[in-house]
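To keep things clear, I will list the structure first and then write my remarks on it.
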Amino acid sequence: MTKTALVTGASRGIGEAIAIELEVRGILVLRPKREDLDLCDMESVQKFVAEHSSDSVDILVNNAGEKVVQPLAEVDFQTWSTIQNINLNAPFLLMQHFGVGMCQKRNGRILNIASLFSFLSKAGRASYTSSKSGLLGLTRTAAIEWAPYNVMVNCLSPGFVNTELTRKNNTDEKIKEISSLIPAGRMAEPSEIAKTAAFLVSEENSYLTGQNIVVDGGISIL
């Protein structure tokens, strides 16, 4: 029977690479557009889940994320709330809804795309780090509660990835500088992150749950 995966933020970058990798493996991938699922708007998320049966999704990949770099003292509450909604509150609602169906079927896989900043931080990352740290905590609790139902819940934390957005936000010199700090000597390609993601949501992963898998070329161990 063909499995169905819901991947948020699948229009570009890591999300698109994950969607493509899952499709290559014969999985039907749902890629909701913003007009169907606006992760900034909790009413939109609640409407989306109400329109989709909880047993219709076998794999959930919460990939979409947003980052704002601002000193803590300058973060306004609207910006804070937007980041928390996209990175944490929307994944919570999607997990809560579709996780129920997975538990009923006694089979399911949930993967939350976090970040190095789920366990590290830098100046200006208050909103982002808090949301990704919260996502990691949510992942661990869900893993404990749903492991008896064969629902594996994990985080995947990429390091620096060679995406269109990375290239847009950084000069060639900056990318070279960042790459020189990575023990592997380069940024990851989205397809490399996708292959790890595909394993974590596959039936081959029958026992690994509640973990934060870091794919960063070794930079976090320096």
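Each chain in the structure tokens gets a letter, A, B and so on, in the order shown; residues start at 1 in every chain, and ligands are counted from 1 in the order they appear.
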With only C-alpha atoms as the counted atoms, please give the residues lying no more than 8 Å from Val7 (chain A), apart from itself and same-chain residues fewer than 5 positions off, as a PyMOL selection string.
chain A and resi 15+18-19+29-32+60-63
Write the residues of the selection above to a file with C-alpha atoms, as a PDB file, in the first residue's frame.
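Output file again.pdb follows:
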ATOM      1  CA  GLY A  15      11.766  20.679   2.013  1.00  0.00           C
ATOM      2  CA  ILE A  18      12.919  15.781   1.028  1.00  0.00           C
ATOM      3  CA  ALA A  19       9.696  15.687  -1.004  1.00  0.00           C
ATOM      4  CA  VAL A  29       3.786  13.495  -1.022  1.00  0.00           C
ATOM      5  CA  LEU A  30       1.339  16.233  -0.074  1.00  0.00           C
ATOM      6  CA  ARG A  31       2.869  19.703  -0.498  1.00  0.00           C
ATOM      7  CA  PRO A  32       0.269  22.206   0.729  1.00  0.00           C
ATOM      8  CA  LEU A  60       4.649  13.986   8.730  1.00  0.00           C
ATOM      9  CA  VAL A  61       7.665  16.172   8.018  1.00  0.00           C
ATOM     10  CA  ASN A  62       7.519  19.574   9.710  1.00  0.00           C
ATOM     11  CA  ASN A  63      10.128  21.302   7.574  1.00  0.00           C
TER      12      ASN A  63
END
Find the residues near Lys47 (chain A): any atom within 9 Å, counting only C-alpha atoms, skip ones fewer than 5 places away on the same chain, and give them as a list in words.
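So, after excluding close chain neighbours, the residues are Asp36, Leu37, Met42 and His52 of chain A.
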Running DSSP on the backbone, which parts of region 5-195 of chain A land in alpha helix (DSSP H), as a PyMOL selection string?
chain A and resi 13-24+42-50+77-84+90-105+126-146+164-169+172-181+190-195
When you count only C-alpha atoms, which of these residues is closest to Ser54 (chain A): A:Ala90, A:Leu6, A:Ala17, A:Val24?
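Closest to Ser54 (chain A) of all the choices is A:Leu6.
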Within 9 Å of region 153-161 of chain A using only C-alpha atoms, minus same-chain residues under 4 positions, as a PyMOL selection string:
chain A and resi 13-14+108-118+135-136+139-140+142-144+146-147+166+178-179+182+186-190+193+196-197+200-201+208-220
Looking at only C-alpha atoms, which of A:Arg25, A:Gly9, A:Ile86, A:Val57 is the one that sits closest to Val45 (chain A)?
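Closest to Val45 (chain A) of all the choices is A:Ile86.
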Could you give me, as a list of chain:residue names, each residue of region 88-163 of chain A that DSSP assigns to strand (DSSP E or B) when run on this structure's backbone?
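Written out, the strand (DSSP E or B) residues of region 88-163 of chain A are A:Gly108, A:Arg109, A:Ile110, A:Leu111, A:Asn112, A:Ile113, A:Arg125, A:Val151, A:Met152, A:Val153, A:Asn154, A:Cys155, A:Leu156, A:Ser157, A:Pro158, A:Val161.
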Using only C-alpha atoms, find the one residue out of A:Met102, A:Leu222, A:Leu120, A:Leu165 that sits nearest to Asp58 (chain A).
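Under the stated criterion, the closest residue is A:Met102.
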Please identify all polymer residues within 9 Å of Ala126 (chain A), counting only C-alpha atoms, omitting same-chain residues fewer than 5 positions from it, and present them as a list of chain:residue names.
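The contact residues come out as A:Val68, A:Val69, A:Gln70, A:Pro71, A:Leu72, A:Val75, A:Trp80, A:Ser121, A:Ser131.
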Please, could you write that set of residues out with N, CA and C atoms as an mmCIF file, in the first residue's frame?
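File produced: selection_34.cif:
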data_model
loop_
_atom_site.group_PDB
_atom_site.id
_atom_site.type_symbol
_atom_site.label_atom_id
_atom_site.label_comp_id
_atom_site.auth_asym_id
_atom_site.auth_seq_id
_atom_site.Cartn_x
_atom_site.Cartn_y
_atom_site.Cartn_z
ATOM 1 N N VAL A 68 14.505 35.152 12.082
ATOM 2 C CA VAL A 68 14.758 36.587 12.116
ATOM 3 C C VAL A 68 15.953 36.813 13.033
ATOM 4 N N VAL A 69 16.928 37.549 12.567
ATOM 5 C CA VAL A 69 18.106 37.842 13.387
ATOM 6 C C VAL A 69 17.970 39.254 13.935
ATOM 7 N N GLN A 70 17.742 39.342 15.250
ATOM 8 C CA GLN A 70 17.558 40.627 15.929
ATOM 9 C C GLN A 70 18.061 40.511 17.365
ATOM 10 N N PRO A 71 18.675 41.572 17.895
ATOM 11 C CA PRO A 71 19.018 41.558 19.316
ATOM 12 C C PRO A 71 17.762 41.356 20.158
ATOM 13 N N LEU A 72 17.912 40.629 21.236
ATOM 14 C CA LEU A 72 16.771 40.301 22.088
ATOM 15 C C LEU A 72 15.971 41.543 22.480
ATOM 16 N N VAL A 75 13.437 42.695 19.709
ATOM 17 C CA VAL A 75 12.421 41.797 19.150
ATOM 18 C C VAL A 75 11.037 42.231 19.625
ATOM 19 N N TRP A 80 8.145 37.889 17.435
ATOM 20 C CA TRP A 80 8.312 36.723 18.306
ATOM 21 C C TRP A 80 7.184 35.715 18.064
ATOM 22 N N SER A 121 23.468 28.500 20.142
ATOM 23 C CA SER A 121 22.870 29.789 19.832
ATOM 24 C C SER A 121 23.954 30.805 19.507
ATOM 25 N N SER A 131 12.383 28.788 19.592
ATOM 26 C CA SER A 131 11.387 27.986 18.870
ATOM 27 C C SER A 131 11.934 26.610 18.516
#
Work out how far CA of Gln84 (chain A) is from CA of Asn107 (chain A), in Å to one decimal.
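A separation of 28.6 Å between them.
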What gap, in Å, lies between CA of Lys67 (chain A) and CA of His97 (chain A)?
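Those two atoms sit 25.2 Å apart.
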Pick from A:Thr82, A:Thr2, A:Ser53, A:Thr8 nearest to Ile27 (chain A), counting only C-alpha atoms
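Distance minimum relative to Ile27 (chain A) lands on A:Thr2.
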Report, in Å to a single decimal, how far apart CA of Ser81 (chain A) and CA of Ser133 (chain A) are.
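Taking CA of Ser133 (chain A) and CA of Ser81 (chain A), their separation equals 15.2 Å.
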Using only C-alpha atoms, which residue out of A:Ser127, A:Asn150, A:Asn162, A:Asn87 lies closest to Lys105 (chain A)?
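Looking only at the distances to Lys105 (chain A), the closest residue turns out to be A:Asn150.
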